[in-house]
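Enquirer: Provided below: start20.cif, containing mmCIF, C-alpha atoms.
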```
data_run
loop_
_atom_site.label_atom_id
_atom_site.label_comp_id
_atom_site.auth_asym_id
_atom_site.auth_seq_id
_atom_site.Cartn_x
_atom_site.Cartn_y
_atom_site.Cartn_z
CA MET A 22 41.60 35.76 -34.47
CA ASP A 23 39.31 38.67 -35.24
CA VAL A 24 35.78 37.34 -35.71
CA SER A 25 33.07 38.96 -37.79
CA LYS A 26 29.85 37.65 -39.26
CA THR A 27 31.52 37.07 -42.64
CA PHE A 28 35.24 36.50 -42.01
CA LEU A 29 37.80 35.11 -39.60
CA ASP A 30 41.11 37.01 -39.68
CA VAL A 31 44.07 35.15 -38.19
CA GLY A 32 47.11 37.05 -36.97
CA VAL A 33 50.24 35.29 -35.70
CA LEU A 34 52.57 36.78 -33.07
CA ASN A 35 55.70 38.40 -34.55
CA GLU A 36 54.35 38.03 -38.08
CA ASP A 37 52.98 40.93 -40.12
CA THR A 38 50.67 38.85 -42.30
CA VAL A 39 47.02 38.09 -41.61
CA ARG A 40 45.21 35.13 -43.10
CA ARG A 41 41.49 35.52 -43.86
CA VAL A 42 38.95 32.73 -44.26
CA SER A 43 35.16 32.81 -44.37
CA ASN A 44 33.25 32.37 -41.12
CA THR A 45 31.49 29.29 -42.45
CA PRO A 46 31.75 25.58 -41.61
CA ALA A 47 34.15 25.12 -44.54
CA GLY A 48 36.33 28.04 -43.45
CA ILE A 49 36.40 26.82 -39.85
CA ARG A 50 37.40 23.32 -40.96
CA GLN A 51 40.21 24.88 -43.00
CA LEU A 52 41.46 26.77 -39.94
CA VAL A 53 41.29 23.70 -37.71
CA ARG A 54 43.45 21.77 -40.19
CA LEU A 55 45.91 24.68 -40.28
CA PHE A 56 46.09 24.89 -36.50
CA LYS A 57 46.51 21.13 -36.08
CA ALA A 58 49.48 21.28 -38.43
CA SER A 59 51.14 24.30 -36.73
CA SER A 60 50.38 23.36 -33.07
CA PRO A 61 49.83 26.90 -31.69
CA GLN A 62 50.54 27.58 -28.03
CA LEU A 63 47.37 29.64 -27.61
CA ILE A 64 44.47 30.78 -29.81
CA VAL A 65 42.53 33.86 -28.73
CA CYS A 66 39.39 35.41 -30.17
CA GLU A 67 36.99 38.03 -28.90
CA ALA A 68 33.58 37.16 -27.51
CA THR A 69 31.34 38.70 -30.16
CA GLY A 70 27.82 37.80 -29.14
CA GLY A 71 27.92 34.24 -30.43
CA LEU A 72 29.63 34.74 -33.80
CA GLU A 73 32.66 32.97 -32.41
CA ARG A 74 30.75 29.99 -30.98
CA ALA A 75 31.10 27.59 -33.92
CA LEU A 76 34.81 28.34 -34.18
CA VAL A 77 35.43 27.79 -30.46
CA LEU A 78 33.45 24.54 -30.46
CA ALA A 79 35.34 23.20 -33.49
CA CYS A 80 38.75 24.07 -32.03
CA THR A 81 37.83 22.62 -28.65
CA ALA A 82 36.66 19.39 -30.28
CA ALA A 83 40.05 19.22 -32.02
CA ASP A 84 41.88 19.66 -28.66
CA LEU A 85 43.23 23.08 -29.66
CA PRO A 86 43.97 25.63 -26.88
CA ILE A 87 41.40 28.32 -27.67
CA THR A 88 39.74 30.89 -25.44
CA SER A 89 37.47 33.88 -25.97
CA VAL A 90 38.19 37.17 -24.21
CA ASN A 91 36.32 40.37 -23.40
CA ALA A 92 36.48 42.75 -26.37
CA ARG A 93 36.72 45.75 -24.04
CA HIS A 94 39.90 44.38 -22.47
CA VAL A 95 41.48 43.93 -25.89
CA ARG A 96 40.52 47.47 -26.95
CA HIS A 97 42.08 48.95 -23.82
CA PHE A 98 45.21 46.89 -24.52
CA ALA A 99 45.33 48.20 -28.10
CA LYS A 100 45.16 51.80 -26.87
CA ALA A 101 47.86 51.09 -24.29
CA ILE A 102 50.29 49.94 -27.00
CA GLY A 103 49.41 52.86 -29.27
CA LYS A 104 47.17 51.04 -31.75
CA LEU A 105 44.39 53.60 -32.12
CA ALA A 106 43.26 52.60 -35.61
CA LYS A 107 40.83 49.71 -35.90
CA THR A 108 40.55 47.31 -38.82
CA ASP A 109 40.08 43.54 -38.96
CA ARG A 110 43.76 43.10 -39.82
CA ILE A 111 44.96 45.36 -36.99
CA ASP A 112 42.61 43.70 -34.52
CA ALA A 113 43.91 40.24 -35.41
CA LEU A 114 47.52 41.27 -34.82
CA VAL A 115 46.61 43.09 -31.60
CA LEU A 116 44.87 39.95 -30.36
CA ALA A 117 48.05 37.97 -30.97
CA ARG A 118 50.06 40.45 -28.88
CA PHE A 119 47.33 40.48 -26.22
CA ALA A 120 47.48 36.67 -26.03
CA ALA A 121 51.25 36.71 -25.55
CA ALA A 122 51.23 39.49 -22.96
CA VAL A 123 48.19 38.51 -20.89
CA GLN A 124 48.15 34.73 -21.38
CA PRO A 125 44.39 34.37 -20.79
CA GLU A 126 43.36 31.09 -19.26
CA VAL A 127 41.93 28.40 -21.53
CA ARG A 128 38.59 27.57 -19.91
CA ALA A 129 36.55 24.43 -20.41
CA LEU A 130 33.43 25.02 -22.47
CA PRO A 131 30.05 24.56 -20.81
CA ASP A 132 28.52 21.19 -21.64
CA GLU A 133 25.72 20.78 -24.16
CA LEU A 134 22.96 21.05 -21.54
CA VAL A 135 24.28 24.36 -20.18
CA ARG A 136 24.67 25.75 -23.71
CA ARG A 137 21.07 24.76 -24.51
CA LEU A 138 19.81 26.33 -21.29
CA ALA A 139 21.79 29.51 -22.03
CA ALA A 140 20.24 29.73 -25.50
CA LEU A 141 16.75 29.34 -24.04
CA ALA A 142 17.45 31.88 -21.28
CA GLY A 143 18.65 34.33 -23.92
CA ARG A 144 15.45 33.80 -25.89
CA ARG A 145 13.36 34.41 -22.77
CA ARG A 146 15.16 37.71 -22.19
CA GLN A 147 14.42 38.73 -25.78
CA LEU A 148 10.73 37.93 -25.32
CA LYS A 149 10.62 39.95 -22.09
CA GLN A 150 12.24 42.91 -23.83
CA MET A 151 9.65 42.74 -26.61
CA MET A 152 6.87 42.55 -24.01
CA THR A 153 8.22 45.67 -22.29
CA ALA A 154 8.33 47.52 -25.61
CA GLU A 155 4.74 46.53 -26.41
CA ARG A 156 3.52 47.60 -22.96
CA ASN A 157 5.19 50.97 -23.44
CA ARG A 158 3.35 51.40 -26.74
CA LEU A 159 0.10 50.38 -25.08
CA SER A 160 0.44 53.04 -22.40
CA SER A 161 0.16 55.79 -25.02
CA GLY A 162 -3.43 54.69 -25.76
CA GLN A 163 -3.66 56.46 -29.11
CA ASP A 164 -6.05 54.10 -30.91
CA ALA A 165 -8.39 51.35 -29.65
CA TRP A 166 -7.82 49.12 -32.69
CA VAL A 167 -4.03 49.39 -32.28
CA ASP A 168 -4.40 48.57 -28.60
CA VAL A 169 -6.24 45.34 -29.46
CA GLN A 170 -3.36 44.33 -31.74
CA ILE A 171 -0.83 45.08 -29.00
CA HIS A 172 -2.82 42.94 -26.55
CA ASP A 173 -2.77 40.08 -29.07
CA VAL A 174 0.99 40.40 -29.47
CA LEU A 175 1.46 40.51 -25.68
CA ALA A 176 -0.61 37.35 -25.29
CA LEU A 177 1.56 35.55 -27.85
CA LEU A 178 4.79 36.76 -26.27
CA THR A 179 3.57 35.72 -22.81
CA LEU A 180 2.71 32.26 -24.11
CA GLN A 181 6.09 31.86 -25.77
CA ALA A 182 7.94 33.01 -22.64
CA LYS A 183 6.07 30.38 -20.63
CA GLN A 184 6.89 27.73 -23.25
CA VAL A 185 10.59 28.63 -23.01
CA THR A 186 10.50 28.38 -19.21
CA ASP A 187 8.68 25.04 -19.38
CA GLU A 188 11.26 23.69 -21.85
CA MET A 189 14.10 24.76 -19.54
CA LEU A 190 12.39 22.95 -16.65
CA VAL A 191 12.03 19.80 -18.75
CA LEU A 192 15.74 19.86 -19.63
CA VAL A 193 16.82 20.47 -16.02
CA ARG A 194 14.59 17.77 -14.55
CA ALA A 195 15.78 15.24 -17.11
CA ASP A 196 19.39 15.54 -15.88
CA VAL A 197 20.09 14.14 -12.39
CA ALA A 198 22.97 16.46 -11.50
CA MET A 199 21.32 19.58 -12.89
CA ARG A 200 18.02 18.75 -11.20
CA HIS A 201 19.83 18.46 -7.86
CA ARG A 202 21.47 21.88 -8.29
CA TYR A 203 18.10 23.34 -9.27
CA GLU A 204 16.41 21.90 -6.16
CA LEU A 205 19.11 23.34 -3.92
CA LEU A 206 18.62 26.79 -5.43
CA ILE A 207 14.83 26.87 -5.17
CA SER A 208 15.12 25.93 -1.49
CA VAL A 209 16.31 29.52 -0.93
CA PRO A 210 13.49 31.87 0.16
CA GLY A 211 13.26 34.44 -2.62
CA VAL A 212 14.57 32.19 -5.42
CA GLY A 213 11.93 30.81 -7.76
CA ASP A 214 11.96 28.80 -10.97
CA VAL A 215 12.98 31.63 -13.30
CA VAL A 216 15.84 32.86 -11.10
CA ALA A 217 17.15 29.33 -10.50
CA LEU A 218 17.02 28.45 -14.21
CA ASN A 219 18.88 31.63 -15.16
CA LEU A 220 21.55 31.02 -12.53
CA LEU A 221 22.08 27.48 -13.83
CA SER A 222 22.35 28.67 -17.44
CA SER A 223 24.21 31.98 -17.04
CA LEU A 224 26.38 31.19 -14.01
CA PRO A 225 27.45 27.52 -14.32
CA GLU A 226 30.53 28.36 -12.19
CA LEU A 227 28.28 28.82 -9.12
CA GLY A 228 29.54 26.56 -6.34
CA ARG A 229 32.96 26.12 -7.95
CA LEU A 230 34.47 29.53 -7.07
CA SER A 231 35.44 31.32 -3.88
CA ARG A 232 33.07 33.93 -2.45
CA THR A 233 35.34 36.71 -3.72
CA GLN A 234 35.60 35.24 -7.20
CA VAL A 235 31.87 34.67 -7.66
CA ALA A 236 31.02 38.19 -6.43
CA ALA A 237 33.52 39.71 -8.86
CA LEU A 238 32.30 37.51 -11.73
CA VAL A 239 28.70 38.66 -11.29
CA GLY A 240 29.69 42.29 -10.61
CA VAL A 241 28.47 42.76 -7.03
CA ALA A 242 31.89 43.13 -5.40
CA PRO A 243 32.74 46.74 -4.38
CA LEU A 244 35.90 47.92 -6.16
CA ASN A 245 38.39 50.30 -4.55
CA ARG A 246 39.09 53.66 -6.18
CA ASP A 247 42.07 54.81 -4.10
CA SER A 248 45.16 56.72 -5.19
CA GLY A 249 47.76 58.09 -2.80
CA ALA A 250 46.00 59.87 0.05
CA SER A 251 42.73 59.99 -1.90
CA ARG A 252 40.05 57.47 -0.98
CA GLY A 253 37.36 57.21 -3.61
CA ARG A 254 33.89 55.81 -3.20
CA ARG A 255 33.78 52.04 -3.64
CA MET A 256 31.45 50.96 -6.44
CA THR A 257 30.40 47.78 -8.21
CA TRP A 258 31.17 47.57 -11.92
CA GLY A 259 31.21 45.07 -14.77
CA GLY A 260 30.20 41.44 -14.43
CA ARG A 261 27.34 39.46 -15.94
CA ALA A 262 24.38 41.79 -16.30
CA GLU A 263 21.84 39.03 -16.94
CA VAL A 264 22.79 37.32 -13.66
CA ARG A 265 22.65 40.60 -11.73
CA THR A 266 19.13 41.26 -13.04
CA MET A 267 17.89 37.91 -11.75
CA LEU A 268 19.80 38.29 -8.50
CA TYR A 269 18.23 41.71 -7.99
CA MET A 270 14.73 40.26 -8.39
CA ALA A 271 15.47 37.47 -5.91
CA THR A 272 17.03 39.87 -3.40
CA VAL A 273 14.03 42.24 -3.43
CA VAL A 274 11.86 39.29 -2.37
CA ALA A 275 14.48 37.97 0.07
CA CYS A 276 14.67 41.35 1.82
CA ARG A 277 11.04 40.81 2.81
CA HIS A 278 10.81 37.07 3.46
CA ASN A 279 14.32 35.58 3.93
CA ALA A 280 15.34 35.08 7.56
CA VAL A 281 19.00 35.77 6.77
CA ILE A 282 18.80 38.51 4.11
CA LYS A 283 16.00 40.56 5.71
CA PRO A 284 17.84 41.34 9.01
CA HIS A 285 21.04 42.01 7.06
CA ASP A 286 19.21 44.60 4.96
CA GLU A 287 17.59 46.16 8.03
CA GLN A 288 20.93 46.36 9.83
CA LEU A 289 22.61 48.12 6.91
CA VAL A 290 19.78 50.64 6.55
CA ALA A 291 19.83 51.28 10.31
CA ARG A 292 23.54 52.09 10.03
CA GLY A 293 22.72 54.80 7.52
CA LYS A 294 23.54 53.00 4.28
CA PRO A 295 21.54 54.20 1.25
CA LYS A 296 18.81 51.75 0.32
CA MET A 297 20.42 50.78 -2.99
CA VAL A 298 23.81 50.26 -1.35
CA ALA A 299 22.16 47.99 1.21
CA LEU A 300 20.35 46.12 -1.57
CA VAL A 301 23.57 45.47 -3.50
CA ALA A 302 25.22 44.23 -0.29
CA CYS A 303 22.27 41.87 0.18
CA MET A 304 22.65 40.70 -3.43
CA ARG A 305 26.25 39.82 -2.69
CA LYS A 306 25.32 38.00 0.53
CA LEU A 307 22.58 36.01 -1.19
CA LEU A 308 24.95 35.07 -4.02
CA VAL A 309 27.68 34.01 -1.59
CA CYS A 310 25.17 31.90 0.35
CA MET A 311 24.00 30.11 -2.81
CA ASN A 312 27.61 29.57 -3.86
CA ALA A 313 28.33 27.94 -0.48
CA MET A 314 25.19 25.80 -0.75
CA LEU A 315 26.16 24.35 -4.11
CA ARG A 316 29.78 23.97 -3.04
CA ASP A 317 28.85 22.04 0.12
CA ASP A 318 25.82 20.31 -1.44
CA LEU A 319 23.47 21.61 1.26
CA PRO A 320 19.94 23.05 1.02
CA TRP A 321 19.10 26.43 2.50
CA GLN A 322 19.56 26.75 6.25
CA ALA A 323 19.18 29.64 8.66
CA ALA A 324 22.92 30.32 8.31
CA PRO A 325 24.16 28.68 5.09
CA GLY A 326 27.60 30.29 5.23
#
```
Translate this structure into structure tokens?
Expert:
Amino acid sequence: MDVSKTFLDVGVLNEDTVRRVSNTPAGIRQLVRLFKASSPQLIVCEATGGLERALVLACTAADLPITSVNARHVRHFAKAIGKLAKTDRIDALVLARFAAAVQPEVRALPDELVRRLAALAGRRRQLKQMMTAERNRLSSGQDAWVDVQIHDVLALLTLQAKQVTDEMLVLVRADVAMRHRYELLISVPGVGDVVALNLLSSLPELGRLSRTQVAALVGVAPLNRDSGASRGRRMTWGGRAEVRTMLYMATVVACRHNAVIKPHDEQLVARGKPKMVALVACMRKLLVCMNAMLRDDLPWQAAPG
């Protein structure tokens, strides 16, 4: 299914027709009835910044095998099979072929608490972005009256960001399992409330994946760029940017105060690694340690794994 703000376009493998319904509760109910009657093997849509959320929730509630996939992967697939044009109809049919060829895994949706935390974390990021924009305007210092207005806006944004953080803390502390995961995370030197809350909301898989999988998911695993006799420079790429941002903040602090991360950073720098390369390696180590902590249900130790 190709998802837009207005329409849902449904393409079926080996069929040249595309069915269009409105992206509204009524249209989604119509599609669910259609899918229940036809029993599809797999339903695939692109992750489109939340426009697909109501559809995925409705299909999941109806026990339909639906999953959302990275739009970039689908676009690369379309180019690989020679589909250079892009329309809603073409995209729907390409998605059907992508589903058949790649067979993406149907993943369980995050529970209601995680979805609520993710929405609040997203709102906090928006507020922080607006605060940065206002501070940039303030630095120009063109007019005193305008500066007073900017200060007022910054005060409001700061208050709202704190309210969002406080609401996230209330939600986490009200749930026994989530509170326990939160307490394990904040036991790590360098990880505070904001980092822990964002990890719980944006990386619910933490503690349930291998060290390699969690590093790749976040985007802190070096990727090979080798071909024949050529050996390219290994670089990190992709992953969840919002998690990397929080992990970066925690690692900067950990490189100064964490008894495990600090000597690791110093050792890498002493071996001649560029400072940013060493920092990314420390981000990976900190992430792997937290993954092991949640997996083994253990608070921070001198050598958590």
Enquirer: Run the PyMOL selection byres ((chain A and resi 90) around 6) on the file and write out the hits as a VMD selection string.
Expert: chain A and resid 67 to 68 89 91
Enquirer: Report the residues retrieved by the PyMOL selection byres ((chain A and resi 220-232) around 6) from the displayed file, expressed as a list in words.
Expert: Val135, Leu138, Ala139, Ala217, Leu218, Asn219, Thr233, Gln234, Val235, Val309, Asn312, Leu315 and Arg316 of chain A
Enquirer: Atom CA of A:Thr88 to atom CA of A:Leu130: how many Å, to one decimal?
Expert: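 One can read the atom CA of A:Thr88 to atom CA of A:Leu130 distance as 9.1 Å.
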Enquirer: Give the answer as one residue: which of A:Leu85, A:Arg305, A:Asp112, A:Gln322 has the shortest atom-to-atom distance to A:Phe98, using all atoms listed in the file?
Expert: A:Asp112
Enquirer: Could you tell me which residues the PyMOL selection byres ((chain A and resi 30) around 12) grabs in this file, written as a ChimeraX atom specification?
Expert: /A:22-29,31-33,38-44,48-49,52,65-67,73,108-117
Enquirer: For A:Pro125, work out the shell of residues within 10 Å, counting only C-alpha atoms and skipping chain neighbours fewer than 2 positions away, then give it as a PyMOL selection string.
Expert: chain A and resi 63-65+87-90+119-123+127-128
Enquirer: Expressed in Å to a single decimal, how great is the separation between atom CA of A:Val215 and atom CA of A:Arg145?
Expert: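 Between atom CA of A:Val215 and atom CA of A:Arg145 the gap works out to 9.9 Å.
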Enquirer: Restrict the output to stretch 201-233 of chain A and N, CA and C atoms, then write it as a compact mmCIF listing (two decimals), in the first residue's frame.
Expert:
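Okay, this is what ended up in part.txt:
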```
# COMPACT_ATOMS: atom_id res chain seq x y z
N HIS A 201 11.42 -0.29 36.08
CA HIS A 201 12.62 -1.09 36.35
C HIS A 201 13.67 -0.88 35.25
N ARG A 202 13.25 -0.87 34.00
CA ARG A 202 14.18 -0.64 32.89
C ARG A 202 14.79 0.77 33.00
N TYR A 203 13.96 1.73 33.37
CA TYR A 203 14.43 3.10 33.53
C TYR A 203 15.49 3.18 34.63
N GLU A 204 15.25 2.53 35.75
CA GLU A 204 16.20 2.57 36.87
C GLU A 204 17.51 1.90 36.51
N LEU A 205 17.46 0.84 35.72
CA LEU A 205 18.70 0.21 35.27
C LEU A 205 19.50 1.18 34.40
N LEU A 206 18.82 1.88 33.52
CA LEU A 206 19.52 2.79 32.60
C LEU A 206 20.15 3.97 33.34
N ILE A 207 19.44 4.57 34.28
CA ILE A 207 20.00 5.74 34.95
C ILE A 207 21.08 5.35 35.96
N SER A 208 21.28 4.05 36.18
CA SER A 208 22.40 3.64 37.02
C SER A 208 23.73 3.76 36.29
N VAL A 209 23.68 4.01 34.97
CA VAL A 209 24.89 4.14 34.15
C VAL A 209 25.46 5.55 34.31
N PRO A 210 26.71 5.70 34.72
CA PRO A 210 27.31 7.04 34.78
C PRO A 210 27.34 7.69 33.39
N GLY A 211 26.67 8.82 33.26
CA GLY A 211 26.58 9.51 31.98
C GLY A 211 25.17 9.48 31.41
N VAL A 212 24.31 8.62 31.94
CA VAL A 212 22.92 8.51 31.45
C VAL A 212 21.99 9.13 32.47
N GLY A 213 21.32 10.22 32.07
CA GLY A 213 20.37 10.89 32.94
C GLY A 213 18.94 10.62 32.52
N ASP A 214 18.02 11.40 33.10
CA ASP A 214 16.60 11.18 32.85
C ASP A 214 16.25 11.27 31.37
N VAL A 215 16.70 12.34 30.72
CA VAL A 215 16.31 12.59 29.32
C VAL A 215 16.82 11.49 28.41
N VAL A 216 18.08 11.10 28.59
CA VAL A 216 18.65 10.03 27.75
C VAL A 216 17.91 8.72 27.99
N ALA A 217 17.68 8.37 29.25
CA ALA A 217 17.00 7.12 29.57
C ALA A 217 15.59 7.09 28.99
N LEU A 218 14.86 8.20 29.12
CA LEU A 218 13.49 8.26 28.60
C LEU A 218 13.47 8.11 27.09
N ASN A 219 14.42 8.74 26.40
CA ASN A 219 14.47 8.63 24.95
C ASN A 219 14.88 7.23 24.50
N LEU A 220 15.75 6.58 25.24
CA LEU A 220 16.09 5.20 24.90
C LEU A 220 14.89 4.27 25.07
N LEU A 221 14.12 4.47 26.13
CA LEU A 221 12.94 3.64 26.36
C LEU A 221 11.88 3.85 25.29
N SER A 222 11.76 5.09 24.80
CA SER A 222 10.70 5.38 23.82
C SER A 222 11.13 5.10 22.39
N SER A 223 12.40 5.38 22.06
CA SER A 223 12.86 5.28 20.67
C SER A 223 13.62 4.00 20.38
N LEU A 224 14.00 3.26 21.43
CA LEU A 224 14.72 2.00 21.22
C LEU A 224 14.16 0.93 22.16
N PRO A 225 12.87 0.58 22.00
CA PRO A 225 12.27 -0.43 22.88
C PRO A 225 12.91 -1.80 22.73
N GLU A 226 13.66 -2.01 21.62
CA GLU A 226 14.32 -3.31 21.40
C GLU A 226 15.55 -3.49 22.29
N LEU A 227 15.98 -2.44 22.98
CA LEU A 227 17.20 -2.51 23.80
C LEU A 227 17.07 -3.63 24.84
N GLY A 228 18.06 -4.50 24.86
CA GLY A 228 18.04 -5.65 25.77
C GLY A 228 17.48 -6.91 25.15
N ARG A 229 16.92 -6.79 23.94
CA ARG A 229 16.30 -7.94 23.29
C ARG A 229 17.04 -8.34 22.01
N LEU A 230 18.14 -7.64 21.70
CA LEU A 230 18.91 -7.91 20.50
C LEU A 230 20.35 -8.27 20.87
N SER A 231 21.07 -8.84 19.91
CA SER A 231 22.49 -9.09 20.12
C SER A 231 23.25 -7.77 20.06
N ARG A 232 24.51 -7.78 20.49
CA ARG A 232 25.31 -6.56 20.45
C ARG A 232 25.48 -6.05 19.02
N THR A 233 25.63 -6.96 18.07
CA THR A 233 25.78 -6.57 16.66
C THR A 233 24.50 -5.97 16.12
```
